[in-house]
Each structure stands twice: as structure tokens, then as C-alpha cells.
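Below is one structure; the comments refer to it alone.
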Amino acid sequence: MRSVRVWFKKTGTAIYISHLDMNRCLSRAVVRAKIPLWYTEGFNPKPYLNFLCPLPLGQEGLNEPLDIRIEGEMTNEEVRNALSSVMPEGIEIKSVTDPVMKTAQITSAEYEITLETGCENTAADFALKAGEIIKSGELVAEKRSKKGVKTVNLCEMILSFSAVADGAFIRIKTVTATGSASNLNPDLVLTALFEKTGFEPVSRKISRTKLFNESGEEFR
Amino acid sequence: MFPKQLENVLLKVQKPGRYTGGELNSVIKDKNKIDIRYAFCFPDTYEIGMSHLGMKILYSLINERDDAWCERVFAPASDMEEQMRSLKVPLYGLESGDAIKDFDFIAFTMMYELCYTNILNMLSLAGVPLRSAERKNLSPLIVGGGACACNIEPMAEFFDLTTPGDGEEVTNEVIDLYKIHKAKGSTKAEFLREAAKIPGVYVPSLYDVEYNDDGIVKAIIPKDGAPAKVTKRTVKDLDTMFAPSSFVVPFIEVVHDRTTVETFRGCIRGCRFCQACFLYRPIREKSPETVEKQCRAIYENTGYDEISLCSLSTSDYTGLEKLLNSMLDWTVPEKINVALPSLRADNFPEELMKKLASVRKSGLTFAPEAGTQRLRDVINKNITEQEVLSTASLAFKGGWTAVKLYFMMGLPTETDEDIEGIAKLAQAVVDEYYNNPDKPKGRGVNVSVSVATLVPKPFTPFQWEPMITPEETKEKQTKLLSYIRSRKISVSMHNSQTSFLEGVFSRGDRRLSKVIEKAWEYGCKFDSWDDSLKFDVWMQCFEECGIDPLFYTARKRSYDEVLPWDHMDYGVTKQFFIRENKKAHEGLTTPCCREKCAGCGAAAINGGECSEIRKSVV
């Protein structure tokens, strides 16, 4: 038995698949792929799947890691080919690698966000304000966790942030704390910013582009 | 793929995965190369509709055609409906996202009567006039099928045509005929007149119904050459019958999320309350080889880890042992669970039970249906208490600790003793567990008792019987609870109001169309969901329409009365039902078809063939 790390892209209709449903959906995909799977040994045997860093509902992920366990001699390339042919619409296999780092080493992630405003002036105005608020070092919001609701300063979990207007669109690039120790959903940052500025976009698209470890290296 | 306008609302509604489409194995075609657009609608939520085998069969069947594209449509939940109405997005097909009002067919499958308001609501969401007479154009044609097609009269004003019986052949025949008429530029009336000539097609508008002064149907008069009797369609050979080789695999969890393959149609048992038993006769079996081949194909195309062998009474399948012996050879190593719903307590071999439990254990359900032997004889449920207990005992030995028991109340001739009998039987199962030396160590037993109210249905020996009122139901339910002594027994009971409405519509006539339409106007929908049923509104609608619902439920009908569904022929004869009804009141049982042919008459519509008759001859 060995672990392989499957890197996949989740876009389009697939962004509406919740994490729990992803688990069910990809469990079936790996079965269809006829990969020699290692099954959990409990009362209810299931193929072993570990989504290292679950994506919130409605967000895209451009290179998301998933660990599966296989038996036998299949190479990473063979696993990749087998999986590629069985994925549902919106999920695309990017690569299959040997795991290098451990899940717990994920500490932050980079997001690209596009907000649609319908008006160039509003876009420019919001981009400016948002940048200033984050720079000020204080953006307070209520954050829900398993332990209850807590008021936190979101800026403490934002590693970098830039917002630029692009016509009637606003493009944001941000790195926020991600992982088991500290985690900030960028959607929460947006909601807090909207509340503070009174701005409401026509649409928003959030896309996770990269995961990093503590020293800022890309997660592998 | 959903319409673009919905992109921003999908994250505001519960379970957006219901509305996006794009699931694995969903069929996408080039609409420029298609003649026929077919919307297959299920009048309930996605989770329920995606569990429905009939939909999967016909979806694959229509999409096999190069000239047609079948798409799935489900009833949006209230939150989504609100969004769609405010954005003026009409009901769309999940595959293309196109509005179904522009399709050629809008088809509904009707599994139970309480979905009727959902059908009207879906038509309204689609932007299609509700009544058949208001839709002047040839398309969209509103067609229907499913169990309720045996008495579609309460919905007769809304449907253009229905197809009682098996849909595998007639669906294609209707599409073929429509294609000719579409090309010719025929009117809807011209098409419907021709369609009524296809065996197994019912065009409600081609029948006039007359009533006596007492409200009972006087006569059902066919016109424009429509047949006096519409005979349901029966597929003769299940081995060569179309069956899907793949299912659409939903993203979100649905009720029955698994591979399902039929083993046979019809039922040999003849329980007198059971509509399905008689609607799907004669008995036709699939060979074990065909079943296994179909299971394998769907498993490989879906990746499901459960296979359900489905029928009305799976342990009566003559090929069961052969099938399981062969199938378990690959399902066990591939970690697939094989589930057998609808097993009977009296013929479930221990060997089979062991084999089935080799991957994962699923639930175990028995349906004694009545609490005493006397009443079980009345309903012809030929199971003894001893059989239930010995099968339960076997199950406990095999490691099961949870058992479900299904019962009914409101059965003809029922007394308090029968209600108490339900509690006693459940208690006996609990005792059986604790007296069993081989029971699983250190674990308690859980017996869940589920009690439904008898809704007498058309095409059953009980079709003339009165149904108990909601008040009587509640009384009996309270009584039953007072007889339960053990905390190991949990009881769940059907809502007396939903059962009552089901009772009205299952044996209703055309005059109910206006009640259903009014109820929909007053906001009734999802009536089968307890939290959305507006019973008072329904009662108000009956009153405003001047219709007494008790006329349909509480009245004992006489054998010579014209029934609203008398122009439907499901094979089993009225004489047989009368015979069975009389025997019920005498407390006499009828042996199952395998022991002795009871002469129900169903074989006649299948060229005289019935698996059971064939066997008794050989």
C-alpha cells in the first residue's frame, strides 16, 4: 500500500459540490477508474480518500491535493491516466505525485478573486478602500468555528492583499491563513469589507490558486 | 447546465447541486441535430426523483434515439422557486438549461397522488397553461405515466395523454407518431385522435363522463373512435426489454444512491391491499444472467458500492440463488454490497443471509402488515407469527440488531384486538432477541414499527372498501401507543391527513380537477411533506368546490357501481377482485400463484403468458 497525491482542478458546475459530496463523488470515480485501491479495514470498507484542504462550497480550486491509497504496481502516470477518463464535468486531474509534505504543513493559500460591479467608478473606489482597510491592520468580524462564534481581527490572518480595478471588475489577490491551525475563508474577508464599505457586487468569483507551507514554499 | 442568470442565486439556496446539472453520465446532445425535445419531469425534489428507477429507464431509452434528447426536470424547493420566479427564469431541463415550455413533450411520472399539486406548480413554473383545453398548439404535449396512471381522472383536465402500464415500448411509439404529425403540421386534436389508437395510450379528452344524481359515475363514453377500454401496456419478455447500462450519478446524496436492477415484474402473493401486485401482473421474470449483466454494466459505469436487486418481493425470484451465487463472486472482492429489499419472512434461507452480510450489513425489514393471524388472513398476507419470529431469530444470530416491521391500520374488519396485536408482535420480536443465546454480545435490540393507514386503491380487491377517517386513524394510533410497553420498540405512524388526501385522489373522478387546481392556487404543494401540507386549505377548497371528500373515502361502494377507472384494463378482471373481496370478508386466504393459479386474468393481456402459469404446466 502506498499513498499518491492527486492534484485536481475544480471549476464550473463542480464548484457547487460540497466537501462531503466531493468525497462521495470521487470515491465512485476512483472505483470507476479500476485503480487497485486500498480499502479501509473497518465495518464498512471504503476506498481511502483524504482531501487535504477542503474547498468551501462555491469556490474554485485550480490545483487541489487529494491523497488516495493504492496497492500494487501502478505508476503515478498510470493512475493519472486512469483517473482522467472518469471524472465528472468540472473536475480535471492535473497531475499525480508522491506526497512530499504532510497535511499539517499547509499554513496559507493564495486566492484570486473577481468582483463584478457594473460600474467603473465603483470598482476603482472599492479597490482603493479595500486596500486601505487591510493596510490599516484592523478588520473585525465574527468568525464561526466549532467552538462557537468569536470576534476576531481578520487582518491577523491575511498575509498579503492587493485589489485593483479592471474596468467594471475588481481583481483581488490575497494570501490568507489556511490549514488546521488557523484558517481564514476569503469569503469572510469580502463580507466584512462589503459591510464596512456598504458595497455589494453583482457577482463574485473566488478561486484558490496555490497552497503554501510555513516558509512560503508551495505545498507539494 | 443551468441558465446563466441563476449563477448568483445558486449559492443562496439549499443544496445547489440539485439545480446545476452536469452530473456524470448525464446526456448532452447537439440540439441542432435533434427533432424531439423531451422533458422528463419528476414532481418532487431532486433527491427523490433521482432515486426513481422508472425515470432512469426511460431517460436512457429516449436518449438511445438519435432524433430525441431527454432531459431531467425536478420540482424546485421553495427557496429556489422563489428565486426563479423573481428572476423570471422558467423551469428548465437540467442537461441544456433550456426552458421546457419550448420542448415537444413534458412528461410526468406519478408515483403517488400527493404529487398532483407539484405537477401544476411545475407547469406554472414552466410557463405552460395548466389545462389541456387551454393549450391549443401541438407542443408541448403534457403526458403522464406511473402507478397513478391507473386512475388519472382527478388530473384528467390537465393531461393530454397518459400511458398506463410498462413504458418501454409505448414511449417510443408515441414519439414516432408525434414526429410524423409534427412534420405534417397536424393540430393537437388530430394527433391525439391518432395517438388514442396506439394500444396503451389514454387520451382523457376523448371520454365524456356522466354522473347519476347521487354523484356516482353513470357512464364513461368514448368519442372520436377512442377505444371503450384502454388496455395497459405489458412488455412480454424482460430479457430482451430495454434496460439502462448506466445511471446519472448525482453529486449530492439522494435517497436511493445505488445501482438498481429489476429481477421481475408483478407479484405472486396477491395481498389484497396491494395495488402494485395487481398493476404489474402478469409475472414476468428476467433471467439471472441478464440481471447480472445489467448490474455489472451499471456498476462499472457509476462506481456505486451498492447493488439493489429490486422487485415487489425479491425472495420470490426463482433465479435468486443462482444469481447471488454467481454475483457474490465479484461483488465481495470488489467490496460491493448487494441489497435485497422486499424480502418475505417465510422464505429467506440462512445461507443467503450469511452471504449477503459478507461485505456490509444493511437493514432488515419485515412486513407482517397486520397484528393478528385472523386479520392477516383477511388481507391475504400469508405469513405466520412463527415465520416472522424464526426469521428474526436467524437474523439476530447473523449479527443483526435492528429490525423494522411494517404494519397497516384501518384494514377491513379490524378490531382493537388487531391493533393490540401489532404491539404484541413487536414485543415478541424483542423477546425473541433476548431469548436468543446467539445474539450479538453486549448490544441491545431496536425494533422500529412503522404503521401506515390503509388507502383502498383501484385495481385491488379492496377498491370497494370504505377508508377510515382521519379522526378514526388518530384514535387507533393513540390506542396502539398505549399498548407499547418496551423502550426497545419505536413507533412511527403515517400522517392521518396525508393518507386521507391520498384516499380521496386515488379513487377520485374528474370533478376533483378543480379542487386540485384551487388548492394549487391557494399555495398547496409538496403535500406529501408533513411540514408543507396545508390540510385546512385543502378542506376549504373541497368546500368551495362543493365537493364532499368523504364521498370518495368513507363510502362503501357496491360491486355493480361504475368506478371512475372502469375504462382502464389492467388485465386482472373485476370478477377476480369481487371474488377476492368476498373471501376477505369471510377470512379466507388465497394461495400464492406459485402454489395454485388463482385465475386473476392478467395473462390474457400478455398473450396468455405468465411465468407462474408456464411453470405449473411444465
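Convention: chains lettered A, B, ... in C-alpha cells order; per-chain residue numbering from 1; ligands numbered from 1 as shown.
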
Q. Leaving out A:Ser136 and any residue of its chain fewer than 5 positions from it, which residues lie within 12 Å of it when counting only C-alpha atoms, given as a PyMOL selection string?
A. chain A and resi 129-131+153-156+161

Determine, using only C-alpha atoms, which residues of stretch 51-84 of chain A have any atom at most 6 Å from an atom of stretch 9-30 of chain A, and tabulate each with its shortest atom pair and distance in Å to one decimal place, rows ordered by chain and then rising number, as a Markdown table.
| residue | atom | partner | partner_atom | distance |
| --- | --- | --- | --- | --- |
| A:Leu57 | CA | A:Ser18 | CA | 5.1 |
| A:Gly58 | CA | A:Ile15 | CA | 4.8 |
| A:Gln59 | CA | A:Ile15 | CA | 5.6 |
| A:Glu60 | CA | A:Thr11 | CA | 5.1 |
| A:Gly61 | CA | A:Lys10 | CA | 5.1 |
| A:Leu62 | CA | A:Lys9 | CA | 4.5 |
| A:Asn63 | CA | A:Lys9 | CA | 5.2 |

Q | Shell of 9 Å around B:Gly127, only C-alpha atoms, local chain residues under 5 positions omitted, as a list in words | A | Pro90, Leu91, Ala99, Ile100, Lys101 and Met122 of chain B

Kindly provide, as an mmCIF file with C-alpha atoms, in the first residue's frame, the residues of chain B having any atom no farther than 8 Å from an atom of chain A, counting only C-alpha atoms.
data_model
loop_
_atom_site.group_PDB
_atom_site.id
_atom_site.type_symbol
_atom_site.label_atom_id
_atom_site.label_comp_id
_atom_site.auth_asym_id
_atom_site.auth_seq_id
_atom_site.Cartn_x
_atom_site.Cartn_y
_atom_site.Cartn_z
ATOM 1 C CA MET B 1 -26.118 23.244 -17.471
ATOM 2 C CA ASN B 8 -25.558 34.213 -8.428
ATOM 3 C CA LEU B 10 -27.215 29.107 -6.569
ATOM 4 C CA LEU B 11 -25.113 29.903 -3.528
ATOM 5 C CA PRO B 16 -27.373 23.932 -5.229
ATOM 6 C CA GLY B 17 -26.277 20.551 -6.593
ATOM 7 C CA THR B 20 -26.787 22.604 -11.720
ATOM 8 C CA GLY B 21 -26.874 19.514 -13.932
ATOM 9 C CA GLY B 22 -23.511 18.340 -15.255
ATOM 10 C CA GLU B 23 -23.533 15.084 -13.301
ATOM 11 C CA LEU B 24 -21.572 12.106 -14.540
ATOM 12 C CA PRO B 250 -25.716 12.641 -8.628
ATOM 13 C CA PHE B 251 -23.261 14.922 -6.851
ATOM 14 C CA ILE B 252 -25.441 15.311 -3.795
ATOM 15 C CA GLU B 253 -26.732 12.499 -1.664
ATOM 16 C CA GLU B 300 -18.792 -0.183 -13.947
ATOM 17 C CA ASN B 301 -20.322 2.978 -15.341
ATOM 18 C CA THR B 302 -21.212 4.515 -11.999
ATOM 19 C CA GLY B 303 -18.823 3.219 -9.333
ATOM 20 C CA TYR B 304 -21.662 2.650 -6.871
ATOM 21 C CA ASP B 305 -20.713 0.421 -3.962
ATOM 22 C CA LYS B 335 -16.425 -4.515 -1.814
ATOM 23 C CA VAL B 359 -19.468 -7.007 2.859
ATOM 24 C CA ARG B 360 -21.651 -4.727 4.947
#

(Q) When you count only C-alpha atoms, which of these residues is closest to A:Leu49: A:Ser3, A:Ala82, A:Lys94, A:Glu77? (A)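 Selected residue with least distance to A:Leu49: A:Ser3.
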
Q: May I ask for the distance between atom CA of B:Lys223 and atom CA of B:Ile578, given in Å to one decimal place?
A: 29.2 Å

Q: as a PyMOL selection string, please: all residues of stretch 359-523 of chain B that backbone DSSP puts in helix (DSSP H, G or I).
A: chain B and resi 373-378+385-397+416-434+470-483+496-506+510-521

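The gap separating atom CA of B:Leu512 from atom CA of B:Thr117 is 11.9 Å, in Å to one decimal.
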
Q: Please provide as a VMD selection string all residues within 6 Å of stretch 164-176 of chain A, with the sequence filter that same-chain residues fewer than 6 positions apart are discarded (counting only C-alpha atoms).
A: chain A and resid 108 to 120 123 to 124 127 157 to 158

**Q.** Which of B:Val388, B:Ala68, B:Leu114, B:Ile36 sits closest to B:Gln497 [using only C-alpha atoms]
**A.**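 Smallest distance to B:Gln497 is found for B:Leu114.
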
**Q.** Within 9 Å of B:Asn118 using only C-alpha atoms, minus same-chain residues under 6 positions, as number ranges by chain
**A.** B: 43-44, 75, 520, 524-527

Q: Could you give me, as a ChimeraX atom specification, the residues within 8 Å of stretch 98-101 of chain A, counting only C-alpha atoms and dropping anything in the same chain fewer than 6 positions from it?
A: /A:3-5,67,76,219-220

Using C-alpha atoms, can you write the selected residues to a file as a PDB file, in the first residue's frame?
ATOM      1  CA  SER A   3      -0.192   6.975  -0.879  1.00  0.00           C
ATOM      2  CA  VAL A   4      -0.358   9.032  -4.023  1.00  0.00           C
ATOM      3  CA  ARG A   5      -1.191  12.701  -4.212  1.00  0.00           C
ATOM      4  CA  ASP A  67      -4.400  11.690  -1.213  1.00  0.00           C
ATOM      5  CA  ASN A  76       1.756   7.750 -10.919  1.00  0.00           C
ATOM      6  CA  PHE A 219       2.906  22.783  -0.922  1.00  0.00           C
ATOM      7  CA  ARG A 220       3.950  19.563  -2.635  1.00  0.00           C
TER       8      ARG A 220
END

(Q) I'd like to know which residues of stretch 130-211 of chain A are strand (DSSP E) (by DSSP, run on the backbone); could you write them as number ranges by chain? (A) A: 140-145, 148-153, 158-166, 169-177, 203-211

**Q.** Long-range neighbours of stretch 560-573 of chain B as number ranges by chain, 9 Å cut-off, only C-alpha atoms, 5 positions minimum in chain
**A.** B: 150-153, 164-165, 202, 209, 216-220, 227-233, 278-282, 458-459, 507-510, 578, 599-606

Q: Return the single residue from A:Ala192, A:Asp187, A:Ile70, A:Gly198 that is closest to A:Thr151, with distances computed using only C-alpha atoms.
A: A:Ala192
